[in-house]
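Heads up: the structure comes next, in structure tokens.
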Amino acid sequence: MPVYKAPVDEVLFLLNDVFHIERYANLPGFADAAPDLIEAILGEAAKLCEDVLLPLNRVGDTEGCHRHDDGSVSTPAGFKDAFKKIVEGGWIGISVPSEFGGQGLPSALTQTVNEFLGSANMAFAMYPGLTQGAIAALIAHGTPELQKLYLPKMIAGEWTGTMNLTEPQCGTDLGLIRTKAVRQADGSYRITGTKIFISAGEHDLAENIVHLVLGRIEGAPAGTKGLSLFVVPKVVPNPDGSLGARNAVACGSLEEKMGIHGNSTCVMNYDGATGWLVAEENHGLAAMFTMMNEARLGVGVQGLALSEVAYQNAVAYAKDRLQGRAMTGAKFKDKPADPIIVHPDVRRVLMSIRAFNEAARALVMWTALKSDVARRSSDAKERESADDHMGLLTPVIKGVLTDQGFANTVAAQQVFGGHGYIKEWGMEQYVRDARIPMIYEGANGIQALDLVGRKLAKDGGRALTAFFTEVQGFVKENAGDAGLTLYVEPLGKALGHLQQATMWFAQNALAKPENAGAGATDYMHLFGLVALGYMWARMAQAAKQKLAAGANGAGERMNAKLVTGRFFVERLLPDTATHLARIQAGAASTMDLPADGF
Ligand SMILES: Cc1cc2nc3c(=O)[nH]c(=O)nc-3n(C[C@H](O)[C@H](O)[C@H](O)COP(=O)(O)OP(=O)(O)OC[C@H]3O[C@@H](n4cnc5c(N)ncnc54)[C@H](O)[C@@H]3O)c2cc1C
């Protein structure tokens with residue numbers, strides 16, 4: 001069975017030594033997050049993931065979910081009890097503001113716990129994860145009445161949430177949504193339509209399911225401007241929160257899919273179901289974006305989570321599997337062969353995944369802290385700049401962490417040779433599960449277009465300028481530090497590539513947008529490498545400071561950090577030059593063949 005140990009020490013290093021969580025003490029909720037409390041919370045989350053959820057990962061994959069004739073859906077054996085533990089531990093609401101009944105702790109903690117959950121059992125983690133997204137949308141856009149009725153139950157985990165966008169004819173292009181809403185005299189709406197691919201649409205983990213549904217009110221404009229968002233509960237609650245009548249919404253079938261078998265992916269039929277408006281009429285897409293942005297970060301974390309668990313298993317296997325001898329002569333003379341971890345090519349794989357994971361975790365943490373500033377700071381300027389960061393980095397985290405997360409599960413599978421291809425070792429499940437985060441929540445090509453087409457120029461390029469200024473500032477400030485040159489110099493060069501690519505788009509994409517479209521994915525990955533390189537420079541700085549201060553028992557770990565960071569800047573960061581060259585090649589060779597020439 002696969003192994004997994006939650007990287008608690010890594011997270012504590014980031015929180016305490018790299019991002020100095022104590023500097024955020026003025027934000028509501030942060031004063032309550034004392035270091036010993038954080039450590040205790042992470043320790044509890046680690047136990048839940050390692051002891052309860054990890055053993056259910058394979059069960060979920062082999063058993064899958066089952067729909068019964070009455071439309072009900074059973075989740076795999078053990079999922080119900082595990083979900084009870086999520087509810088009892090109050091895990092869904094740890095970062096929900098206390099005025100709504102949550103614990104108000106930093107979002108950085110939620111993202112960390114979600115990483116642990118995703119590594120242990122991604123299909124399971126989606127049930128609480130989607131509920132968190134629906135809670136965020138209701139907090140931001142729900143009426144006080146809706147908030148009062150729904151949020152306490154959802155935060156407690158008694159009711160779960162879903163997001164309903166996709167329809168058979170409508171995926172990326174939400175303007176094609178047909179689901180219809182008809183206004184009723186009592187202020188509610190009758191919702192009719194079919195949604196497909198709805199994660200956690202029906203299951204047996206909670207007594208009620210709260211669907212957030214995008215639809216079009218009769219007479220509304222065509223396209224995305226005519227979309228409204230509705231709350232459509234599976235069971236209509238009475239005003240006191242007790243369960244009332246069953247609503248006219250049902251799971252028509254379950255999708256048979258490549259991975260995440262433990263998560264129910266449903267066709268949902270709305271047959272005149274009763275729903276209530278969230279946000280104003282025809283402003284539904286903006287409201288749904290609150291849930292989608294939350295979910296996009298969460299999906300990026302799924303990429304990291306699978307990359308991490310795949311890495312841990314590849315390391316364990318590489319230390320155990322005996323094949324061949326080290327190039328420099330036998331390392332384990334008493335054994336018939338050396339473990340494969342002695343081979344440079346195996347190490348190349350392991351170091352690549354490790355160097356990515358550690359920086360990706362830092363990038364998520366940095367962005368999660370910004371999301372706390374964006375929501376909690378009393379200073380409008382601070383909120384604005386944190387919000388800018390979120391807007392800019394969300395497509396990068398979603399696209400890069402899931403593309404690379406998948407690639408890393410494949411690379412980790414390779415370490416197992418033929419055994420990676422056999423179900424018994426669990427590696428092929430990680431590969432299958434890691435494929436979906438690249439697709440849902442906006443396929444990664446769409447993330448790249450969002451970055452290049454919307455986020456770069458937004459507000460006159462304010463967010464991008466702030467990012468460049470911060471990274472450039474770090475490079476300049478530390479250029480004279482001999483101990484950091486190794487990290488900072490390549491970062492400066494990579495940033496130069498990103499700036500050149502941005503300039504190239506500014507000069508060549510306005511007149512010919514296909515130049516931006518053809519280069520967008522390369523730009524997203526180039527951006528990701530710079531952001532990860534910046535994380536490495538900051539981690540190297542923190543590791544050096546910790547070593548200089550005596551390391552407090554963490555000397556070996558800090559030295560390993562410095563080596564891993566060096567690997568990143570020497571072996572992964574140079575890819576920025578390739579991305580730049582591809583971008584500067586322009587769109588011609590991509591677009592010149594006519595469609596009927598394929
Ligand atoms: C397991 C699973 C779970 C899911 N869960 C949910 C859920 O809970 N709720 C929900 O609403 N949906 C869910 N989805 C749907 C998912 O979000 C969509 O599949 C995804 O957004 C892509 O839509 P599509 O499949 O229709 O692909 P299409 O929109 O048809 O896209 C096909 C390809 O064309 C590309 N493309 C499309 N338009 C453009 C363009 N303008 N420019 C460039 N490239 C373009 C895309 O990048 C993609 O590669 C889920 C899907 C799966 C498979």
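Naming scheme: A, B, ... for chains in displayed order of the structure tokens; residues 1 onward per chain; ligands 1 onward as shown.
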
**Report entry** Residues within 6 Å of ligand 1, counting only C-alpha atoms and all ligand atoms, as a list in words
**Finding:**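 Using only C-alpha atoms and all ligand atoms, everything at most 6 Å from ligand 1 comes to Met163, Asn164, Leu165, Thr166, Cys170, Gly171, Thr172, Phe197, Ile198, Ser199, Thr265, Ile439, Tyr440, Glu441, Gly442, Ala443, Gly445 and Ile446 of chain A.
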
Go ahead and save the picked residues with N, CA and C atoms, as a PDB file, in the first residue's frame.
ATOM      1  N   MET A 163     -21.017  22.829  -7.215  1.00  0.00           N
ATOM      2  CA  MET A 163     -21.113  23.917  -8.188  1.00  0.00           C
ATOM      3  C   MET A 163     -21.606  23.341  -9.513  1.00  0.00           C
ATOM      4  N   ASN A 164     -22.628  23.978 -10.075  1.00  0.00           N
ATOM      5  CA  ASN A 164     -23.275  23.463 -11.296  1.00  0.00           C
ATOM      6  C   ASN A 164     -23.170  24.469 -12.419  1.00  0.00           C
ATOM      7  N   LEU A 165     -22.155  24.286 -13.269  1.00  0.00           N
ATOM      8  CA  LEU A 165     -22.013  25.146 -14.439  1.00  0.00           C
ATOM      9  C   LEU A 165     -22.253  24.351 -15.718  1.00  0.00           C
ATOM     10  N   THR A 166     -21.564  23.209 -15.803  1.00  0.00           N
ATOM     11  CA  THR A 166     -21.434  22.498 -17.075  1.00  0.00           C
ATOM     12  C   THR A 166     -22.740  21.867 -17.548  1.00  0.00           C
ATOM     13  N   CYS A 170     -22.268  22.952 -23.202  1.00  0.00           N
ATOM     14  CA  CYS A 170     -21.619  24.130 -22.637  1.00  0.00           C
ATOM     15  C   CYS A 170     -20.586  23.744 -21.591  1.00  0.00           C
ATOM     16  N   GLY A 171     -19.309  23.950 -21.930  1.00  0.00           N
ATOM     17  CA  GLY A 171     -18.232  23.700 -20.970  1.00  0.00           C
ATOM     18  C   GLY A 171     -17.511  24.999 -20.686  1.00  0.00           C
ATOM     19  N   THR A 172     -16.482  25.269 -21.492  1.00  0.00           N
ATOM     20  CA  THR A 172     -15.716  26.505 -21.329  1.00  0.00           C
ATOM     21  C   THR A 172     -16.583  27.737 -21.579  1.00  0.00           C
ATOM     22  N   PHE A 197     -21.447  16.319 -15.289  1.00  0.00           N
ATOM     23  CA  PHE A 197     -20.121  16.313 -14.643  1.00  0.00           C
ATOM     24  C   PHE A 197     -20.154  17.002 -13.279  1.00  0.00           C
ATOM     25  N   ILE A 198     -21.221  16.893 -12.526  1.00  0.00           N
ATOM     26  CA  ILE A 198     -21.300  17.626 -11.259  1.00  0.00           C
ATOM     27  C   ILE A 198     -20.677  16.801 -10.134  1.00  0.00           C
ATOM     28  N   SER A 199     -19.530  17.273  -9.655  1.00  0.00           N
ATOM     29  CA  SER A 199     -18.799  16.558  -8.608  1.00  0.00           C
ATOM     30  C   SER A 199     -19.585  16.619  -7.305  1.00  0.00           C
ATOM     31  N   THR A 265     -19.467  11.744  -9.779  1.00  0.00           N
ATOM     32  CA  THR A 265     -19.571  12.759 -10.838  1.00  0.00           C
ATOM     33  C   THR A 265     -20.921  12.548 -11.512  1.00  0.00           C
ATOM     34  N   ILE A 439      -7.987  19.582 -16.120  1.00  0.00           N
ATOM     35  CA  ILE A 439      -9.150  19.800 -16.993  1.00  0.00           C
ATOM     36  C   ILE A 439     -10.244  20.624 -16.314  1.00  0.00           C
ATOM     37  N   TYR A 440     -10.636  20.214 -15.086  1.00  0.00           N
ATOM     38  CA  TYR A 440     -11.801  20.933 -14.530  1.00  0.00           C
ATOM     39  C   TYR A 440     -11.413  22.264 -13.904  1.00  0.00           C
ATOM     40  N   GLU A 441     -12.446  23.031 -13.558  1.00  0.00           N
ATOM     41  CA  GLU A 441     -12.240  24.413 -13.085  1.00  0.00           C
ATOM     42  C   GLU A 441     -11.604  25.282 -14.165  1.00  0.00           C
ATOM     43  N   GLY A 442     -11.954  25.022 -15.404  1.00  0.00           N
ATOM     44  CA  GLY A 442     -11.346  25.747 -16.511  1.00  0.00           C
ATOM     45  C   GLY A 442     -10.093  25.001 -16.932  1.00  0.00           C
ATOM     46  N   ALA A 443     -10.148  24.385 -18.124  1.00  0.00           N
ATOM     47  CA  ALA A 443      -8.999  23.620 -18.616  1.00  0.00           C
ATOM     48  C   ALA A 443      -7.761  24.526 -18.597  1.00  0.00           C
ATOM     49  N   GLY A 445      -5.473  25.357 -20.650  1.00  0.00           N
ATOM     50  CA  GLY A 445      -5.304  26.306 -21.755  1.00  0.00           C
ATOM     51  C   GLY A 445      -6.091  27.588 -21.483  1.00  0.00           C
ATOM     52  N   ILE A 446      -7.226  27.436 -20.829  1.00  0.00           N
ATOM     53  CA  ILE A 446      -8.080  28.589 -20.519  1.00  0.00           C
ATOM     54  C   ILE A 446      -7.451  29.412 -19.386  1.00  0.00           C
TER      55      ILE A 446
END

### Query
Can you list, as an MDAnalysis selection string, every protein, DNA or RNA residue that comes within 8 Å of Val346 in chain A when you count only C-alpha atoms, leaving out same-chain residues fewer than 5 positions away?
chainID A and resid 318 340:341 415

Kindly export the residues of the current selection with all heavy atoms, as a compact mmCIF listing (two decimals), in the first residue's frame.
# COMPACT_ATOMS: atom_id res chain seq x y z
N ALA A 318 12.73 3.79 -4.32
CA ALA A 318 14.11 3.93 -4.81
C ALA A 318 15.13 3.53 -3.74
O ALA A 318 16.24 3.12 -4.06
CB ALA A 318 14.35 5.37 -5.27
N ILE A 340 18.29 1.64 -6.19
CA ILE A 340 18.33 2.48 -7.39
C ILE A 340 18.49 3.98 -7.08
O ILE A 340 18.74 4.78 -7.97
CB ILE A 340 17.11 2.25 -8.32
CG1 ILE A 340 15.80 2.53 -7.59
CG2 ILE A 340 17.13 0.84 -8.90
CD1 ILE A 340 14.57 2.48 -8.51
N ILE A 341 18.37 4.34 -5.82
CA ILE A 341 18.55 5.76 -5.48
C ILE A 341 20.01 6.22 -5.69
O ILE A 341 20.29 7.41 -5.70
CB ILE A 341 18.07 6.05 -4.03
CG1 ILE A 341 17.83 7.56 -3.85
CG2 ILE A 341 19.06 5.53 -2.98
CD1 ILE A 341 16.91 7.93 -2.73
N VAL A 415 9.95 5.73 -11.80
CA VAL A 415 10.93 5.23 -10.83
C VAL A 415 10.63 3.77 -10.47
O VAL A 415 11.52 3.00 -10.13
CB VAL A 415 10.94 6.14 -9.56
CG1 VAL A 415 11.76 5.52 -8.45
CG2 VAL A 415 11.45 7.53 -9.92

* Contact residues around Leu580 in chain A with only C-alpha atoms at 9 Å, ignoring same-chain residues under 3 positions, as a PyMOL selection string -> chain A and resi 497-498+500-501+519+522-523+526+575-577+583-585

Taking N, CA, C and O atoms for each residue, export the selection above as a tab-separated table (two decimals), in the first residue's frame.
chain	number	residue	atom	x	y	z
A	497	HIS	N	13.64	37.10	-18.71
A	497	HIS	CA	12.92	36.38	-19.77
A	497	HIS	C	11.42	36.67	-19.70
A	497	HIS	O	10.76	36.86	-20.73
A	498	LEU	N	10.90	36.70	-18.49
A	498	LEU	CA	9.46	36.95	-18.32
A	498	LEU	C	9.13	38.38	-18.78
A	498	LEU	O	8.11	38.61	-19.45
A	500	GLN	N	10.81	40.11	-20.99
A	500	GLN	CA	10.91	40.14	-22.46
A	500	GLN	C	9.67	39.55	-23.11
A	500	GLN	O	9.18	40.07	-24.11
A	501	ALA	N	9.17	38.46	-22.52
A	501	ALA	CA	7.97	37.82	-23.09
A	501	ALA	C	6.78	38.77	-22.97
A	501	ALA	O	5.97	38.88	-23.91
A	519	GLY	N	1.04	31.66	-27.60
A	519	GLY	CA	2.13	31.70	-26.62
A	519	GLY	C	1.66	31.63	-25.18
A	519	GLY	O	2.49	31.61	-24.26
A	522	ASP	N	2.93	28.76	-22.82
A	522	ASP	CA	4.35	28.95	-22.51
A	522	ASP	C	4.53	30.10	-21.53
A	522	ASP	O	5.37	30.03	-20.63
A	523	TYR	N	3.75	31.16	-21.71
A	523	TYR	CA	3.87	32.31	-20.80
A	523	TYR	C	3.49	31.90	-19.37
A	523	TYR	O	4.17	32.27	-18.41
A	526	LEU	N	6.31	29.95	-17.97
A	526	LEU	CA	7.44	30.85	-17.73
A	526	LEU	C	7.18	31.65	-16.45
A	526	LEU	O	8.05	31.77	-15.57
A	575	ASP	N	14.55	26.45	-18.09
A	575	ASP	CA	13.48	26.26	-19.09
A	575	ASP	C	12.83	27.59	-19.47
A	575	ASP	O	12.12	27.66	-20.48
A	576	THR	N	13.05	28.65	-18.69
A	576	THR	CA	12.44	29.94	-19.05
A	576	THR	C	12.91	30.38	-20.44
A	576	THR	O	12.15	30.99	-21.18
A	577	ALA	N	14.17	30.06	-20.78
A	577	ALA	CA	14.70	30.48	-22.09
A	577	ALA	C	13.93	29.80	-23.22
A	577	ALA	O	13.62	30.42	-24.24
A	583	ILE	N	7.55	31.61	-27.39
A	583	ILE	CA	6.62	32.76	-27.45
A	583	ILE	C	7.04	33.68	-28.59
A	583	ILE	O	6.21	34.10	-29.41
A	584	GLN	N	8.34	33.95	-28.66
A	584	GLN	CA	8.82	34.90	-29.67
A	584	GLN	C	8.75	34.35	-31.09
A	584	GLN	O	8.86	35.10	-32.05
A	585	ALA	N	8.53	33.04	-31.21
A	585	ALA	CA	8.37	32.46	-32.56
A	585	ALA	C	7.04	32.91	-33.16
A	585	ALA	O	6.84	32.83	-34.38

Leaving out range 58-61 of chain A and any residue of its chain fewer than 2 positions from it, which residues lie within 12 Å of it when counting only C-alpha atoms, given as a ChimeraX atom specification? /A:1-3,52-56,63-66,74-80,82,120-125,256-264,423-430,432-433

12 Å contact set for Ala466 in chain A, only C-alpha atoms, chain neighbours under 2 positions out, as a count of residues only | 21

- For CA of Pro152 in chain A and CA of Met268 in chain A, the interatomic separation in Å (one decimal):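 Result for CA of Pro152 in chain A versus CA of Met268 in chain A: 24.9 Å, one decimal.
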
Just how far from CA of Tyr127 in chain A is CA of Tyr189 in chain A, in Å to one decimal?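 Calculated distance between CA of Tyr189 in chain A and CA of Tyr127 in chain A is 26.4 Å.
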
Have a look at CA of Phe527 in chain A and CA of Met351 in chain A and let me know their distance in Å, one decimal.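 Pair CA of Phe527 in chain A / CA of Met351 in chain A returns 21.0 Å.
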
- prompt: Mind checking DSSP for range 384-573 of chain A and telling me the alpha helix (DSSP H) residues as a VMD selection string?
  reply: chain A and resid 384 to 415 427 to 435 444 to 449 458 to 478 485 to 508 513 to 548 555 to 567

Saved selection, atoms kept: C-alpha atoms, as a short mmCIF file (atom, residue, chain, number, x, y, z; two decimals), in the first residue's frame:
data_model
loop_
_atom_site.label_atom_id
_atom_site.label_comp_id
_atom_site.auth_asym_id
_atom_site.auth_seq_id
_atom_site.Cartn_x
_atom_site.Cartn_y
_atom_site.Cartn_z
CA GLU A 384 -6.25 46.03 -3.15
CA SER A 385 -2.67 44.88 -3.62
CA ALA A 386 -3.36 41.47 -2.05
CA ASP A 387 -6.39 41.11 -4.30
CA ASP A 388 -4.22 41.98 -7.33
CA HIS A 389 -1.80 39.23 -6.31
CA MET A 390 -4.64 36.70 -6.05
CA GLY A 391 -6.02 37.61 -9.47
CA LEU A 392 -2.61 37.32 -11.13
CA LEU A 393 -1.39 34.18 -9.37
CA THR A 394 -4.61 32.11 -9.33
CA PRO A 395 -4.40 31.01 -13.01
CA VAL A 396 -0.66 30.35 -12.56
CA ILE A 397 -1.21 28.16 -9.51
CA LYS A 398 -4.12 26.32 -11.12
CA GLY A 399 -2.39 25.76 -14.48
CA VAL A 400 1.23 25.20 -13.51
CA LEU A 401 0.72 23.15 -10.36
CA THR A 402 -1.71 20.77 -12.09
CA ASP A 403 0.24 20.41 -15.37
CA GLN A 404 3.43 19.75 -13.45
CA GLY A 405 1.61 17.76 -10.76
CA PHE A 406 0.44 15.31 -13.43
CA ALA A 407 3.88 15.21 -15.08
CA ASN A 408 5.40 14.47 -11.67
CA THR A 409 3.07 11.54 -10.98
CA VAL A 410 4.17 10.07 -14.33
CA ALA A 411 7.83 10.70 -13.46
CA ALA A 412 7.38 9.08 -10.03
CA GLN A 413 5.68 6.11 -11.71
CA GLN A 414 8.76 5.75 -13.93
CA VAL A 415 10.93 5.23 -10.83
CA MET A 427 1.21 4.64 -8.65
CA GLU A 428 -1.07 4.27 -11.66
CA GLN A 429 -3.98 5.56 -9.55
CA TYR A 430 -2.04 8.75 -8.83
CA VAL A 431 -1.43 9.21 -12.54
CA ARG A 432 -5.14 8.72 -13.32
CA ASP A 433 -6.30 10.95 -10.46
CA ALA A 434 -3.81 13.69 -11.34
CA ARG A 435 -5.20 13.98 -14.87
CA ASN A 444 -5.38 24.73 -18.29
CA GLY A 445 -5.30 26.31 -21.75
CA ILE A 446 -8.08 28.59 -20.52
CA GLN A 447 -6.08 29.47 -17.38
CA ALA A 448 -3.21 30.55 -19.63
CA LEU A 449 -5.56 32.70 -21.72
CA LYS A 458 -5.93 44.52 -15.84
CA ASP A 459 -5.94 47.93 -14.08
CA GLY A 460 -3.18 49.15 -16.37
CA GLY A 461 -0.93 46.22 -15.47
CA ARG A 462 -0.92 47.12 -11.77
CA ALA A 463 -0.71 43.54 -10.44
CA LEU A 464 2.01 42.55 -12.91
CA THR A 465 4.08 45.64 -12.15
CA ALA A 466 3.84 44.91 -8.41
CA PHE A 467 5.01 41.32 -8.99
CA PHE A 468 7.95 42.43 -11.15
CA THR A 469 8.88 45.13 -8.62
CA GLU A 470 8.86 42.68 -5.73
CA VAL A 471 10.98 40.01 -7.44
CA GLN A 472 13.33 42.61 -8.94
CA GLY A 473 13.66 44.25 -5.51
CA PHE A 474 14.62 40.94 -3.90
CA VAL A 475 17.20 40.26 -6.61
CA LYS A 476 18.76 43.71 -6.24
CA GLU A 477 18.73 43.67 -2.45
CA ASN A 478 20.51 40.31 -2.29
CA THR A 485 24.22 34.63 -5.51
CA LEU A 486 23.69 31.05 -6.59
CA TYR A 487 19.92 31.50 -6.28
CA VAL A 488 19.48 35.17 -7.02
CA GLU A 489 21.46 35.50 -10.24
CA PRO A 490 19.50 32.84 -12.17
CA LEU A 491 16.28 34.30 -10.77
CA GLY A 492 17.22 37.71 -12.16
CA LYS A 493 17.88 36.12 -15.56
CA ALA A 494 14.57 34.24 -15.51
CA LEU A 495 12.72 37.42 -14.54
CA GLY A 496 14.38 39.10 -17.53
CA HIS A 497 12.92 36.38 -19.77
CA LEU A 498 9.46 36.95 -18.32
CA GLN A 499 9.76 40.70 -18.87
CA GLN A 500 10.91 40.14 -22.46
CA ALA A 501 7.97 37.82 -23.09
CA THR A 502 5.57 40.39 -21.64
CA MET A 503 7.08 43.11 -23.82
CA TRP A 504 6.85 40.84 -26.86
CA PHE A 505 3.12 40.35 -26.28
CA ALA A 506 2.68 44.11 -25.81
CA GLN A 507 4.33 44.72 -29.18
CA ASN A 508 3.00 41.76 -31.16
CA PRO A 513 -4.17 38.28 -30.91
CA GLU A 514 -3.25 34.79 -32.14
CA ASN A 515 0.33 35.58 -31.09
CA ALA A 516 -0.94 35.77 -27.52
CA GLY A 517 -3.16 32.71 -27.90
CA ALA A 518 -0.33 30.58 -29.31
CA GLY A 519 2.13 31.70 -26.62
CA ALA A 520 -0.19 31.75 -23.60
CA THR A 521 0.61 28.31 -22.17
CA ASP A 522 4.35 28.95 -22.51
CA TYR A 523 3.87 32.31 -20.80
CA MET A 524 1.97 30.70 -17.91
CA HIS A 525 4.76 28.17 -17.38
CA LEU A 526 7.44 30.85 -17.73
CA PHE A 527 5.58 32.88 -15.11
CA GLY A 528 5.29 29.80 -12.90
CA LEU A 529 9.03 29.12 -13.07
CA VAL A 530 9.84 32.70 -12.08
CA ALA A 531 7.37 32.59 -9.19
CA LEU A 532 8.77 29.23 -8.02
CA GLY A 533 12.33 30.53 -8.46
CA TYR A 534 11.44 33.51 -6.27
CA MET A 535 10.06 31.12 -3.66
CA TRP A 536 13.36 29.21 -3.77
CA ALA A 537 15.39 32.38 -3.32
CA ARG A 538 13.31 33.30 -0.27
CA MET A 539 13.53 29.77 1.14
CA ALA A 540 17.29 29.72 0.63
CA GLN A 541 17.57 33.04 2.44
CA ALA A 542 15.47 31.72 5.35
CA ALA A 543 17.44 28.46 5.49
CA LYS A 544 20.74 30.35 5.61
CA GLN A 545 19.45 32.59 8.38
CA LYS A 546 18.26 29.58 10.34
CA LEU A 547 21.61 27.84 9.93
CA ALA A 548 23.44 30.98 11.03
CA GLY A 555 20.48 21.77 10.34
CA GLU A 556 20.23 18.72 8.10
CA ARG A 557 16.85 19.84 6.76
CA MET A 558 18.11 23.36 6.07
CA ASN A 559 21.19 22.06 4.24
CA ALA A 560 18.92 19.80 2.20
CA LYS A 561 16.84 22.89 1.37
CA LEU A 562 19.87 24.68 0.01
CA VAL A 563 20.83 21.71 -2.18
CA THR A 564 17.27 21.28 -3.45
CA GLY A 565 17.05 24.99 -4.25
CA ARG A 566 20.32 24.76 -6.14
CA PHE A 567 18.92 21.88 -8.17
#

* Hey, what's within 12 Å of range 99-105 of chain A if we count only C-alpha atoms and toss same-chain stuff fewer than 6 positions away? As a PyMOL selection string, please? -> chain A and resi 21+24-25+27-34+37-38+41+89-93+111+132+135-136+138-140+144+146-157+368-369+372+375-376

Got a sec: who's within 9 Å of Ile217 in chain A, counting only C-alpha atoms, leaving out chain neighbours fewer than 2 positions off, as a PDB file with N, CA and C atoms, in the first residue's frame?
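File written: selection-v9.pdb
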ATOM      1  N   THR A 179     -29.950  26.216 -18.873  1.00  0.00           N
ATOM      2  CA  THR A 179     -30.806  25.995 -17.692  1.00  0.00           C
ATOM      3  C   THR A 179     -31.660  27.232 -17.440  1.00  0.00           C
ATOM      4  N   LYS A 180     -32.956  26.976 -17.257  1.00  0.00           N
ATOM      5  CA  LYS A 180     -33.933  28.075 -17.262  1.00  0.00           C
ATOM      6  C   LYS A 180     -34.462  28.310 -15.857  1.00  0.00           C
ATOM      7  N   ALA A 181     -34.676  29.567 -15.511  1.00  0.00           N
ATOM      8  CA  ALA A 181     -35.262  29.892 -14.209  1.00  0.00           C
ATOM      9  C   ALA A 181     -36.495  30.761 -14.432  1.00  0.00           C
ATOM     10  N   VAL A 182     -37.582  30.392 -13.751  1.00  0.00           N
ATOM     11  CA  VAL A 182     -38.830  31.173 -13.889  1.00  0.00           C
ATOM     12  C   VAL A 182     -39.193  31.740 -12.520  1.00  0.00           C
ATOM     13  N   ARG A 183     -39.364  33.062 -12.493  1.00  0.00           N
ATOM     14  CA  ARG A 183     -39.674  33.763 -11.244  1.00  0.00           C
ATOM     15  C   ARG A 183     -41.038  33.341 -10.711  1.00  0.00           C
ATOM     16  N   TYR A 189     -37.582  30.759  -7.465  1.00  0.00           N
ATOM     17  CA  TYR A 189     -37.504  30.520  -8.920  1.00  0.00           C
ATOM     18  C   TYR A 189     -37.696  29.031  -9.177  1.00  0.00           C
ATOM     19  N   ILE A 191     -36.417  26.062 -11.395  1.00  0.00           N
ATOM     20  CA  ILE A 191     -35.210  25.813 -12.194  1.00  0.00           C
ATOM     21  C   ILE A 191     -35.391  24.526 -12.988  1.00  0.00           C
ATOM     22  N   GLY A 215     -27.946  29.611 -14.097  1.00  0.00           N
ATOM     23  CA  GLY A 215     -29.040  29.471 -15.053  1.00  0.00           C
ATOM     24  C   GLY A 215     -29.424  30.830 -15.614  1.00  0.00           C
ATOM     25  N   GLY A 219     -36.308  35.516 -20.275  1.00  0.00           N
ATOM     26  CA  GLY A 219     -36.253  36.885 -20.804  1.00  0.00           C
ATOM     27  C   GLY A 219     -34.897  37.551 -20.606  1.00  0.00           C
ATOM     28  N   ALA A 220     -33.959  36.883 -19.930  1.00  0.00           N
ATOM     29  CA  ALA A 220     -32.631  37.481 -19.678  1.00  0.00           C
ATOM     30  C   ALA A 220     -31.837  37.530 -20.984  1.00  0.00           C
ATOM     31  N   PRO A 221     -30.862  38.448 -21.080  1.00  0.00           N
ATOM     32  CA  PRO A 221     -30.046  38.533 -22.294  1.00  0.00           C
ATOM     33  C   PRO A 221     -29.305  37.220 -22.582  1.00  0.00           C
ATOM     34  N   GLY A 226     -26.487  37.248 -19.179  1.00  0.00           N
ATOM     35  CA  GLY A 226     -27.841  36.884 -18.753  1.00  0.00           C
ATOM     36  C   GLY A 226     -27.849  35.748 -17.734  1.00  0.00           C
ATOM     37  N   LEU A 227     -26.702  35.479 -17.103  1.00  0.00           N
ATOM     38  CA  LEU A 227     -26.646  34.351 -16.166  1.00  0.00           C
ATOM     39  C   LEU A 227     -26.903  34.803 -14.728  1.00  0.00           C
ATOM     40  N   SER A 228     -27.675  33.995 -14.017  1.00  0.00           N
ATOM     41  CA  SER A 228     -27.921  34.261 -12.598  1.00  0.00           C
ATOM     42  C   SER A 228     -27.540  33.018 -11.804  1.00  0.00           C
ATOM     43  N   GLU A 281     -30.043  39.488 -10.087  1.00  0.00           N
ATOM     44  CA  GLU A 281     -30.363  38.846 -11.363  1.00  0.00           C
ATOM     45  C   GLU A 281     -29.323  39.258 -12.409  1.00  0.00           C
ATOM     46  N   ASN A 282     -28.933  38.325 -13.240  1.00  0.00           N
ATOM     47  CA  ASN A 282     -27.980  38.559 -14.347  1.00  0.00           C
ATOM     48  C   ASN A 282     -26.560  38.902 -13.876  1.00  0.00           C
TER      49      ASN A 282
END
